[in-house]
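Novice: Sharing target.txt, compact mmCIF, C-alpha atoms:
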# COMPACT_ATOMS: atom_id res chain seq x y z
CA TYR C 1229 0.00 0.00 0.00
CA HIS C 1230 1.29 3.45 -0.91
CA THR C 1231 -0.17 6.85 -0.03
CA PRO C 1232 0.18 9.18 -3.06
CA VAL C 1233 2.45 12.19 -2.62
CA GLU C 1234 -0.41 14.44 -3.69
CA THR C 1235 -2.40 13.26 -0.67
CA LEU C 1236 0.51 13.87 1.70
CA ARG C 1237 1.04 17.39 0.33
CA ALA C 1238 -2.65 18.27 0.47
CA ASN C 1239 -2.89 17.18 4.09
CA GLY C 1240 -0.38 19.82 5.17
CA ASP C 1241 0.49 18.01 8.41
CA ILE C 1242 4.25 17.47 8.45
CA ILE C 1243 4.34 15.02 11.36
CA LYS C 1244 1.43 12.99 9.98
CA ALA C 1245 3.23 12.80 6.63
CA LEU C 1246 6.42 11.64 8.38
CA ARG C 1247 4.54 8.95 10.28
CA ILE C 1248 3.00 7.65 7.05
CA MET C 1249 6.32 7.70 5.21
CA ALA C 1250 8.04 5.95 8.13
CA ARG C 1251 5.66 3.05 7.49
CA GLU C 1252 5.49 3.12 3.69
CA ASP C 1253 8.60 4.82 2.26
CA GLY C 1254 11.66 2.58 2.15
CA LEU C 1255 14.23 5.40 2.37
CA VAL C 1256 12.59 7.21 5.28
CA SER C 1257 11.86 3.95 7.10
CA THR C 1258 15.46 2.75 6.72
CA ALA C 1259 16.88 6.10 7.84
CA LEU C 1260 14.63 6.13 10.90
CA PHE C 1261 15.47 2.53 11.80
CA ASN C 1262 19.23 3.16 11.52
CA MET C 1263 19.01 6.34 13.60
CA VAL C 1264 17.15 4.56 16.40
CA GLN C 1265 19.47 1.55 16.36
CA VAL C 1266 22.60 3.72 16.53
CA ALA C 1267 21.18 5.99 19.23
CA MET C 1268 20.06 3.03 21.35
CA SER C 1269 23.46 2.63 23.00
CA GLY C 1270 22.21 1.51 26.41
CA TYR C 1271 21.36 3.56 29.46
CA ASN C 1272 22.70 4.33 32.91
CA LEU C 1273 21.19 5.45 36.20
CA ALA C 1274 22.70 7.18 39.19
CA ALA C 1275 21.36 9.06 42.23
CA PHE C 1276 23.20 11.91 43.92
CA ASN C 1277 23.06 13.59 47.28
CA THR C 1278 21.80 17.11 46.63
CA ALA C 1279 23.63 18.44 49.67
CA THR C 1280 27.08 17.15 48.75
CA GLY C 1281 26.74 16.56 45.01
CA GLU C 1282 28.23 13.09 45.47
CA GLN C 1283 26.75 9.87 44.17
CA ASP C 1284 24.67 8.00 46.74
CA PRO C 1285 25.06 4.19 46.43
CA GLU C 1286 21.92 3.39 48.46
CA ALA C 1287 19.76 5.84 46.52
CA THR C 1288 21.20 4.54 43.24
CA ALA C 1289 20.31 0.97 44.20
CA ALA C 1290 16.79 2.07 45.11
CA ALA C 1291 16.46 3.88 41.77
CA TRP C 1292 17.51 0.72 39.91
CA ARG C 1293 14.86 -1.27 41.78
CA VAL C 1294 12.20 1.25 40.76
CA LEU C 1295 13.40 1.13 37.16
CA ALA C 1296 13.30 -2.67 37.15
CA SER C 1297 9.72 -2.62 38.46
CA TRP C 1298 8.54 -0.79 35.31
CA GLY C 1299 8.85 -3.90 33.21
CA THR C 1300 7.97 -6.43 35.91
CA LEU C 1301 4.49 -7.74 36.65
CA PHE C 1302 3.92 -8.24 40.39
CA ASP C 1303 0.15 -8.56 40.57
CA TYR C 1304 -0.80 -11.70 38.63
CA THR C 1305 -4.49 -11.32 39.46
CA THR C 1306 -4.88 -8.50 36.93
CA GLY C 1307 -4.44 -10.77 33.90
CA TYR C 1308 -2.53 -9.65 30.83
CA SER C 1309 -0.31 -6.60 31.28
CA ASP C 1310 1.14 -4.46 28.50
CA LYS C 1311 3.90 -2.91 30.62
CA GLN C 1312 6.90 -2.13 28.46
CA THR C 1313 10.49 -2.84 29.44
CA THR C 1314 12.89 0.07 29.84
CA GLU C 1315 14.56 -0.83 26.53
CA GLU C 1316 11.22 -0.73 24.71
CA ILE C 1317 10.38 2.64 26.24
CA ILE C 1318 13.72 4.09 25.16
CA VAL C 1319 13.35 2.78 21.58
CA SER C 1320 9.84 4.25 21.35
CA ALA C 1321 11.08 7.57 22.76
CA LEU C 1322 13.97 7.73 20.28
CA LYS C 1323 11.59 7.06 17.38
CA GLU C 1324 9.22 9.78 18.61
CA ALA C 1325 12.11 12.24 18.95
CA ALA C 1326 13.20 11.56 15.37
CA ILE C 1327 9.69 11.80 13.86
CA CYS C 1328 8.19 14.77 15.69
CA GLY C 1329 11.17 16.24 17.60
CA ARG C 1330 9.46 15.69 20.95
CA VAL C 1331 8.99 13.02 23.62
CA PHE C 1332 5.75 13.32 25.56
CA GLY C 1333 5.05 10.95 28.42
CA GLU C 1334 3.52 10.37 31.80
CA LEU C 1335 4.83 8.56 34.87
CA VAL C 1336 1.96 6.34 35.98
CA LEU C 1337 1.84 5.69 39.74
CA ASP C 1338 0.36 2.67 41.49
CA LYS C 1339 -1.97 2.68 44.49
CA SER C 1340 1.02 3.27 46.78
CA PHE C 1341 2.06 6.30 44.73
CA LEU C 1342 5.19 4.50 43.54
CA PRO C 1343 6.30 4.56 39.88
CA ASN C 1344 4.55 1.77 38.01
CA ARG C 1345 5.30 2.45 34.34
CA VAL C 1346 5.93 5.15 31.77
CA GLN C 1347 3.23 5.85 29.19
CA LEU C 1348 4.29 7.65 26.02
CA TYR C 1349 1.94 9.70 23.85
CA PRO C 1350 2.32 11.19 20.34
CA GLY C 1351 4.32 14.40 20.64
CA GLU C 1352 2.12 16.31 18.22
CA GLU C 1353 -0.79 16.03 20.64
CA VAL C 1354 0.81 18.62 22.97
CA GLU C 1355 -0.60 22.13 23.01
CA TRP C 1356 0.90 24.66 25.41
CA ARG C 1357 -1.42 26.71 27.62
CA SER C 1358 -0.40 29.80 29.56
CA ARG C 1359 -1.04 30.13 33.30
CA GLY C 1360 -0.91 33.91 32.96
CA ASP C 1361 2.20 34.32 35.12
CA GLY C 1362 4.82 33.57 32.47
CA THR C 1363 4.69 29.81 32.95
CA ARG C 1364 2.85 27.20 30.93
CA TYR C 1365 1.46 23.68 31.12
CA PRO C 1366 0.64 21.08 28.45
CA ARG C 1367 -2.79 20.26 27.10
CA GLN C 1368 -3.37 17.02 25.21
CA ASN C 1369 -5.41 17.11 22.02
CA PRO C 1370 -5.97 13.40 21.27
CA SER C 1371 -5.35 12.65 17.59
CA SER C 1372 -8.06 10.00 17.77
CA GLY C 1373 -10.63 12.65 18.69
CA GLY C 1374 -12.26 13.64 21.95
CA GLN C 1375 -12.07 16.60 24.27
CA PRO C 1376 -8.70 18.24 25.11
CA VAL C 1377 -7.23 17.21 28.47
CA ASP C 1378 -5.27 19.62 30.68
CA LEU C 1379 -2.13 17.92 32.01
CA ASP C 1380 -0.95 20.32 34.68
CA PHE C 1381 0.62 17.51 36.75
CA PRO C 1382 4.21 16.96 37.90
CA THR C 1383 4.10 13.36 36.61
CA VAL C 1384 3.70 14.57 33.00
CA TRP C 1385 6.81 15.58 31.11
CA VAL C 1386 7.58 16.93 27.65
CA HIS C 1387 11.10 17.07 26.22
CA ASP C 1388 11.95 18.75 22.91
CA LEU C 1389 14.84 17.68 20.70
CA HIS C 1390 17.00 20.68 19.72
CA PRO C 1391 14.45 23.35 20.71
CA GLU C 1392 14.69 26.66 18.87
CA VAL C 1393 14.64 30.02 20.63
CA GLY C 1394 11.38 31.85 20.09
CA GLN C 1395 9.40 28.79 19.03
CA ASP C 1396 7.02 26.85 21.25
CA TYR C 1397 7.04 23.74 19.10
CA PRO C 1398 10.09 21.85 17.81
CA THR C 1399 11.01 21.23 14.19
CA PRO C 1400 10.94 17.50 13.34
CA LEU C 1401 14.40 16.11 12.66
CA LEU C 1402 13.30 14.45 9.39
CA GLN C 1403 11.34 17.43 8.10
CA ALA C 1404 14.20 18.49 5.82
CA ALA C 1405 14.03 15.09 4.09
CA LEU C 1406 10.40 15.51 3.05
CA ASN C 1407 10.98 17.57 -0.11
CA ALA C 1408 13.61 15.19 -1.50
CA SER C 1409 11.43 12.17 -0.71
CA PHE C 1410 8.37 13.84 -2.24
CA TYR C 1411 10.26 14.70 -5.45
CA PHE C 1412 11.63 11.16 -5.77
CA ASN C 1413 8.27 9.51 -5.14
CA GLU C 1414 6.51 11.89 -7.53
CA PHE C 1415 8.99 10.91 -10.24
CA VAL C 1416 8.40 7.21 -9.58
CA GLU C 1417 4.63 7.72 -9.60
CA ASP C 1418 4.80 9.66 -12.90
CA MET C 1419 6.97 6.97 -14.50
CA ARG C 1420 4.58 4.29 -13.36
CA ARG C 1421 1.62 6.12 -14.89
CA VAL C 1422 3.51 6.62 -18.18
CA VAL C 1423 4.43 2.93 -18.38
CA ARG C 1424 0.90 1.80 -17.57
CA ARG C 1425 -0.79 4.16 -20.05
CA ALA C 1426 1.71 4.30 -22.93
CA GLY C 1427 4.32 1.62 -22.46
CA HIS C 1428 2.05 -1.38 -22.12
CA GLY C 1429 -0.07 -0.21 -25.09
CA ARG C 1430 2.93 -0.52 -27.44
CA LEU C 1431 3.88 -4.08 -26.64
CA VAL C 1432 4.65 -6.29 -29.65
CA VAL C 1433 2.82 -9.60 -29.44
CA LYS C 1434 4.05 -12.62 -31.42
CA LEU C 1435 1.60 -15.46 -32.08
CA LYS C 1436 2.44 -19.03 -33.01
CA TRP C 1437 0.40 -19.51 -36.20
CA ASP C 1438 0.54 -23.30 -36.24
CA SER C 1439 -0.76 -23.51 -32.67
CA ILE C 1440 -3.61 -21.06 -33.39
CA LYS C 1441 -4.56 -22.81 -36.64
CA ALA C 1442 -4.76 -26.15 -34.85
CA THR C 1443 -7.50 -24.82 -32.54
CA ALA C 1444 -9.89 -24.18 -35.49
CA ASP C 1445 -12.28 -26.81 -36.80
CA ASP C 1446 -11.62 -28.66 -40.06
CA GLU C 1447 -14.05 -26.56 -42.13
CA THR C 1448 -12.38 -23.31 -41.02
CA GLN C 1449 -8.90 -24.67 -41.66
CA SER C 1450 -9.84 -25.69 -45.23
CA ASP C 1451 -11.22 -22.22 -46.10
CA PRO C 1452 -8.52 -19.46 -46.24
CA VAL C 1453 -11.08 -16.66 -45.80
CA LYS C 1454 -12.68 -18.21 -42.74
CA LEU C 1455 -9.27 -19.11 -41.33
CA ASN C 1456 -8.07 -15.52 -41.75
CA ASP C 1457 -11.19 -14.20 -40.00
CA TYR C 1458 -10.71 -16.76 -37.23
Output the structure of this file as structure tokens.
Specialist:
Amino acid sequence: YHTPVETLRANGDIIKALRIMAREDGLVSTALFNMVQVAMSGYNLAAFNTATGEQDPEATAAAWRVLASWGTLFDYTTGYSDKQTTEEIIVSALKEAAICGRVFGELVLDKSFLPNRVQLYPGEEVEWRSRGDGTRYPRQNPSSGGQPVDLDFPTVWVHDLHPEVGQDYPTPLLQAALNASFYFNEFVEDMRRVVRRAGHGRLVVKLKWDSIKATADDETQSDPVKLNDY
């Protein structure tokens, strides 16, 4: 399946176009895959004493236990769980950063108010709202529809990749590749239309006369006029 370039241009949504091309365009998909694989170089975790600035071994060990709990199911009475491992979360975050230049997520707490998992959302769903005092908070506009949701909570975080001064929303990392990809795909689409409309209509067909003649009945074969019409 291939979404025509004309449709992508008419839509006018850069991030939506990038998401479609990441699934359908071989060049964009390969570039995105290679970027994520190279950037996924592992992760580290350390906790520090804010008073001394030194690393705290006990706090670091506690932080690792919390991190391990994200991808571990402890309550087996709840049935199937779709909790992602830390590696999966990082890969998803890297892909989001490359596509829309933003990582938008929420730290979900359990009943004991301890970190349970991290839930990522599409970065383009973020809309900044002003508090009126020079600060702001995010509002989520679900791409699937529904009412906007104010997310003025400390467990919600938004991180922009290479933010630009004076702009509230980041520029997608792959945006610069859109024009070249559009031009290339338009050329391929035009060539395909030319071949289908003009090229196939000029094919030279060779027929085996003896084989065709043998399919006619005896009366037709014995009459040159009828055989020619046949």
Novice: So how far away is CA of Glu1315 (chain C) from CA of Gly1270 (chain C), in Å?
Specialist: 8.0 Å
Novice: For Leu1301 (chain C), which residue among C:Gly1333, C:Ala1267, C:Arg1345, C:Asn1277 is the nearest when counting all atoms listed in the file?
Specialist: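 Ranking C:Gly1333, C:Ala1267, C:Arg1345, C:Asn1277 by distance to Leu1301 (chain C), first place goes to C:Arg1345.
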Novice: Pick out the closest residue to Lys1323 (chain C) from this set: C:Asn1272, C:Ser1257, C:Ser1297, C:Ser1340. Count all atoms listed in the file.
Specialist: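 Closest to Lys1323 (chain C) of all the choices is C:Ser1257.
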Novice: If you measure from CA of Gly1351 (chain C) to CA of Val1331 (chain C), what distance in Å do you get, rounded to one decimal?
Specialist: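 For CA of Gly1351 (chain C) relative to CA of Val1331 (chain C), the distance reads 5.7 Å.
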Novice: Please list, as a ChimeraX atom specification, the residues that have an atom at most 9 Å away from (3.3, 4.1, 26.9) in the coordinates of this file, counting all atoms listed in the file.
Specialist: /C:1310-1312,1317,1320,1333-1334,1345-1349
Novice: Within 12 Å of Thr1300 (chain C), counting all atoms listed in the file, which residues qualify if same-chain residues fewer than 2 places away don't, as JSON, numbers by chain?
Specialist: {"C": [1293, 1294, 1295, 1296, 1297, 1298, 1302, 1303, 1304, 1309, 1310, 1311, 1312, 1313, 1314, 1343, 1344, 1345]}
Novice: Using only C-alpha atoms, please write the residues we just selected to a file, as a short mmCIF file (atom, residue, chain, number, x, y, z; two decimals), in the frame of the given file.
Specialist:
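The result, written out as part31.cif:
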data_model
loop_
_atom_site.label_atom_id
_atom_site.label_comp_id
_atom_site.auth_asym_id
_atom_site.auth_seq_id
_atom_site.Cartn_x
_atom_site.Cartn_y
_atom_site.Cartn_z
CA ARG C 1293 14.86 -1.27 41.78
CA VAL C 1294 12.20 1.25 40.76
CA LEU C 1295 13.40 1.13 37.16
CA ALA C 1296 13.30 -2.67 37.15
CA SER C 1297 9.72 -2.62 38.46
CA TRP C 1298 8.54 -0.79 35.31
CA PHE C 1302 3.92 -8.24 40.39
CA ASP C 1303 0.15 -8.56 40.57
CA TYR C 1304 -0.80 -11.70 38.63
CA SER C 1309 -0.31 -6.60 31.28
CA ASP C 1310 1.14 -4.46 28.50
CA LYS C 1311 3.90 -2.91 30.62
CA GLN C 1312 6.90 -2.13 28.46
CA THR C 1313 10.49 -2.84 29.44
CA THR C 1314 12.89 0.07 29.84
CA PRO C 1343 6.30 4.56 39.88
CA ASN C 1344 4.55 1.77 38.01
CA ARG C 1345 5.30 2.45 34.34
#
Novice: What does the structure give for the distance between CA of Pro1350 (chain C) and CA of Gly1299 (chain C), in Å to one decimal?
Specialist: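 Separating CA of Pro1350 (chain C) from CA of Gly1299 (chain C) is a distance of 20.9 Å.
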Novice: Taking only C-alpha atoms into account, name the residue in C:Glu1414, C:Trp1356, C:Ile1327, C:Asp1388 that is nearest to His1230 (chain C).
Specialist: C:Glu1414
Novice: With the input short on atoms, add all heavy atoms back to region 1339-1350 of chain C and write it as a PDB file, in the frame of the given file.
Specialist:
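Once everything was written out, this is rebuild.pdb:
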ATOM      1  N   LYS C1339      -1.133   2.277  43.361  1.00  0.00           N
ATOM      2  CA  LYS C1339      -1.970   2.680  44.490  1.00  0.00           C
ATOM      3  C   LYS C1339      -1.149   3.193  45.667  1.00  0.00           C
ATOM      4  O   LYS C1339      -1.656   3.924  46.522  1.00  0.00           O
ATOM      5  CB  LYS C1339      -2.826   1.498  44.932  1.00  0.00           C
ATOM      6  CG  LYS C1339      -3.830   1.046  43.880  1.00  0.00           C
ATOM      7  CD  LYS C1339      -4.639  -0.138  44.371  1.00  0.00           C
ATOM      8  CE  LYS C1339      -5.638  -0.594  43.303  1.00  0.00           C
ATOM      9  NZ  LYS C1339      -6.436  -1.772  43.760  1.00  0.00           N
ATOM     10  N   SER C1340       0.129   2.804  45.709  1.00  0.00           N
ATOM     11  CA  SER C1340       1.020   3.270  46.780  1.00  0.00           C
ATOM     12  C   SER C1340       1.777   4.533  46.390  1.00  0.00           C
ATOM     13  O   SER C1340       2.701   4.944  47.094  1.00  0.00           O
ATOM     14  CB  SER C1340       2.020   2.166  47.147  1.00  0.00           C
ATOM     15  OG  SER C1340       1.352   0.985  47.556  1.00  0.00           O
ATOM     16  N   PHE C1341       1.405   5.103  45.254  1.00  0.00           N
ATOM     17  CA  PHE C1341       2.060   6.300  44.730  1.00  0.00           C
ATOM     18  C   PHE C1341       3.519   6.070  44.401  1.00  0.00           C
ATOM     19  O   PHE C1341       4.343   6.976  44.474  1.00  0.00           O
ATOM     20  CB  PHE C1341       1.908   7.487  45.703  1.00  0.00           C
ATOM     21  CG  PHE C1341       0.497   7.944  45.893  1.00  0.00           C
ATOM     22  CD1 PHE C1341      -0.218   7.557  47.017  1.00  0.00           C
ATOM     23  CD2 PHE C1341      -0.128   8.725  44.941  1.00  0.00           C
ATOM     24  CE1 PHE C1341      -1.536   7.946  47.185  1.00  0.00           C
ATOM     25  CE2 PHE C1341      -1.440   9.131  45.109  1.00  0.00           C
ATOM     26  CZ  PHE C1341      -2.163   8.744  46.239  1.00  0.00           C
ATOM     27  N   LEU C1342       3.850   4.827  44.007  1.00  0.00           N
ATOM     28  CA  LEU C1342       5.190   4.500  43.540  1.00  0.00           C
ATOM     29  C   LEU C1342       5.158   4.369  42.014  1.00  0.00           C
ATOM     30  O   LEU C1342       4.133   3.995  41.435  1.00  0.00           O
ATOM     31  CB  LEU C1342       5.674   3.190  44.164  1.00  0.00           C
ATOM     32  CG  LEU C1342       5.915   3.214  45.674  1.00  0.00           C
ATOM     33  CD1 LEU C1342       6.295   1.816  46.178  1.00  0.00           C
ATOM     34  CD2 LEU C1342       7.005   4.216  46.032  1.00  0.00           C
ATOM     35  N   PRO C1343       6.278   4.668  41.349  1.00  0.00           N
ATOM     36  CA  PRO C1343       6.300   4.560  39.880  1.00  0.00           C
ATOM     37  C   PRO C1343       5.951   3.157  39.416  1.00  0.00           C
ATOM     38  O   PRO C1343       6.544   2.176  39.864  1.00  0.00           O
ATOM     39  CB  PRO C1343       7.746   4.923  39.532  1.00  0.00           C
ATOM     40  CG  PRO C1343       8.215   5.764  40.676  1.00  0.00           C
ATOM     41  CD  PRO C1343       7.546   5.192  41.888  1.00  0.00           C
ATOM     42  N   ASN C1344       4.978   3.069  38.524  1.00  0.00           N
ATOM     43  CA  ASN C1344       4.550   1.770  38.010  1.00  0.00           C
ATOM     44  C   ASN C1344       4.999   1.535  36.577  1.00  0.00           C
ATOM     45  O   ASN C1344       5.444   0.456  36.220  1.00  0.00           O
ATOM     46  CB  ASN C1344       3.028   1.663  38.109  1.00  0.00           C
ATOM     47  CG  ASN C1344       2.498   0.353  37.571  1.00  0.00           C
ATOM     48  OD1 ASN C1344       2.079   0.266  36.423  1.00  0.00           O
ATOM     49  ND2 ASN C1344       2.531  -0.681  38.407  1.00  0.00           N
ATOM     50  N   ARG C1345       4.890   2.562  35.741  1.00  0.00           N
ATOM     51  CA  ARG C1345       5.300   2.450  34.340  1.00  0.00           C
ATOM     52  C   ARG C1345       5.329   3.845  33.729  1.00  0.00           C
ATOM     53  O   ARG C1345       4.838   4.809  34.316  1.00  0.00           O
ATOM     54  CB  ARG C1345       4.346   1.556  33.550  1.00  0.00           C
ATOM     55  CG  ARG C1345       2.898   2.043  33.531  1.00  0.00           C
ATOM     56  CD  ARG C1345       1.978   1.004  32.895  1.00  0.00           C
ATOM     57  NE  ARG C1345       0.578   1.371  33.030  1.00  0.00           N
ATOM     58  CZ  ARG C1345      -0.099   2.115  32.164  1.00  0.00           C
ATOM     59  NH1 ARG C1345       0.515   2.558  31.090  1.00  0.00           N
ATOM     60  NH2 ARG C1345      -1.375   2.404  32.366  1.00  0.00           N
ATOM     61  N   VAL C1346       5.903   3.913  32.546  1.00  0.00           N
ATOM     62  CA  VAL C1346       5.930   5.150  31.770  1.00  0.00           C
ATOM     63  C   VAL C1346       5.046   4.958  30.545  1.00  0.00           C
ATOM     64  O   VAL C1346       5.185   3.982  29.813  1.00  0.00           O
ATOM     65  CB  VAL C1346       7.354   5.511  31.339  1.00  0.00           C
ATOM     66  CG1 VAL C1346       7.331   6.640  30.308  1.00  0.00           C
ATOM     67  CG2 VAL C1346       8.175   5.932  32.541  1.00  0.00           C
ATOM     68  N   GLN C1347       4.128   5.891  30.341  1.00  0.00           N
ATOM     69  CA  GLN C1347       3.230   5.850  29.190  1.00  0.00           C
ATOM     70  C   GLN C1347       3.575   6.992  28.238  1.00  0.00           C
ATOM     71  O   GLN C1347       3.527   8.155  28.616  1.00  0.00           O
ATOM     72  CB  GLN C1347       1.767   5.988  29.649  1.00  0.00           C
ATOM     73  CG  GLN C1347       0.760   5.984  28.513  1.00  0.00           C
ATOM     74  CD  GLN C1347       0.729   4.658  27.779  1.00  0.00           C
ATOM     75  OE1 GLN C1347       0.603   3.596  28.397  1.00  0.00           O
ATOM     76  NE2 GLN C1347       0.856   4.717  26.470  1.00  0.00           N
ATOM     77  N   LEU C1348       3.962   6.641  27.019  1.00  0.00           N
ATOM     78  CA  LEU C1348       4.290   7.650  26.020  1.00  0.00           C
ATOM     79  C   LEU C1348       3.073   7.976  25.168  1.00  0.00           C
ATOM     80  O   LEU C1348       2.222   7.121  24.927  1.00  0.00           O
ATOM     81  CB  LEU C1348       5.428   7.149  25.121  1.00  0.00           C
ATOM     82  CG  LEU C1348       6.757   6.843  25.801  1.00  0.00           C
ATOM     83  CD1 LEU C1348       7.769   6.340  24.779  1.00  0.00           C
ATOM     84  CD2 LEU C1348       7.304   8.059  26.537  1.00  0.00           C
ATOM     85  N   TYR C1349       3.016   9.240  24.708  1.00  0.00           N
ATOM     86  CA  TYR C1349       1.940   9.700  23.850  1.00  0.00           C
ATOM     87  C   TYR C1349       2.549  10.384  22.623  1.00  0.00           C
ATOM     88  O   TYR C1349       3.699  10.842  22.659  1.00  0.00           O
ATOM     89  CB  TYR C1349       1.034  10.685  24.582  1.00  0.00           C
ATOM     90  CG  TYR C1349       0.399  10.131  25.832  1.00  0.00           C
ATOM     91  CD1 TYR C1349       0.962  10.365  27.091  1.00  0.00           C
ATOM     92  CD2 TYR C1349      -0.762   9.370  25.755  1.00  0.00           C
ATOM     93  CE1 TYR C1349       0.382   9.849  28.237  1.00  0.00           C
ATOM     94  CE2 TYR C1349      -1.348   8.849  26.898  1.00  0.00           C
ATOM     95  CZ  TYR C1349      -0.773   9.094  28.139  1.00  0.00           C
ATOM     96  OH  TYR C1349      -1.347   8.569  29.271  1.00  0.00           O
ATOM     97  N   PRO C1350       1.796  10.477  21.521  1.00  0.00           N
ATOM     98  CA  PRO C1350       2.320  11.190  20.340  1.00  0.00           C
ATOM     99  C   PRO C1350       2.667  12.634  20.675  1.00  0.00           C
ATOM    100  O   PRO C1350       1.866  13.361  21.269  1.00  0.00           O
ATOM    101  CB  PRO C1350       1.155  11.101  19.337  1.00  0.00           C
ATOM    102  CG  PRO C1350       0.392   9.886  19.757  1.00  0.00           C
ATOM    103  CD  PRO C1350       0.495   9.847  21.252  1.00  0.00           C
TER     104      PRO C1350
END
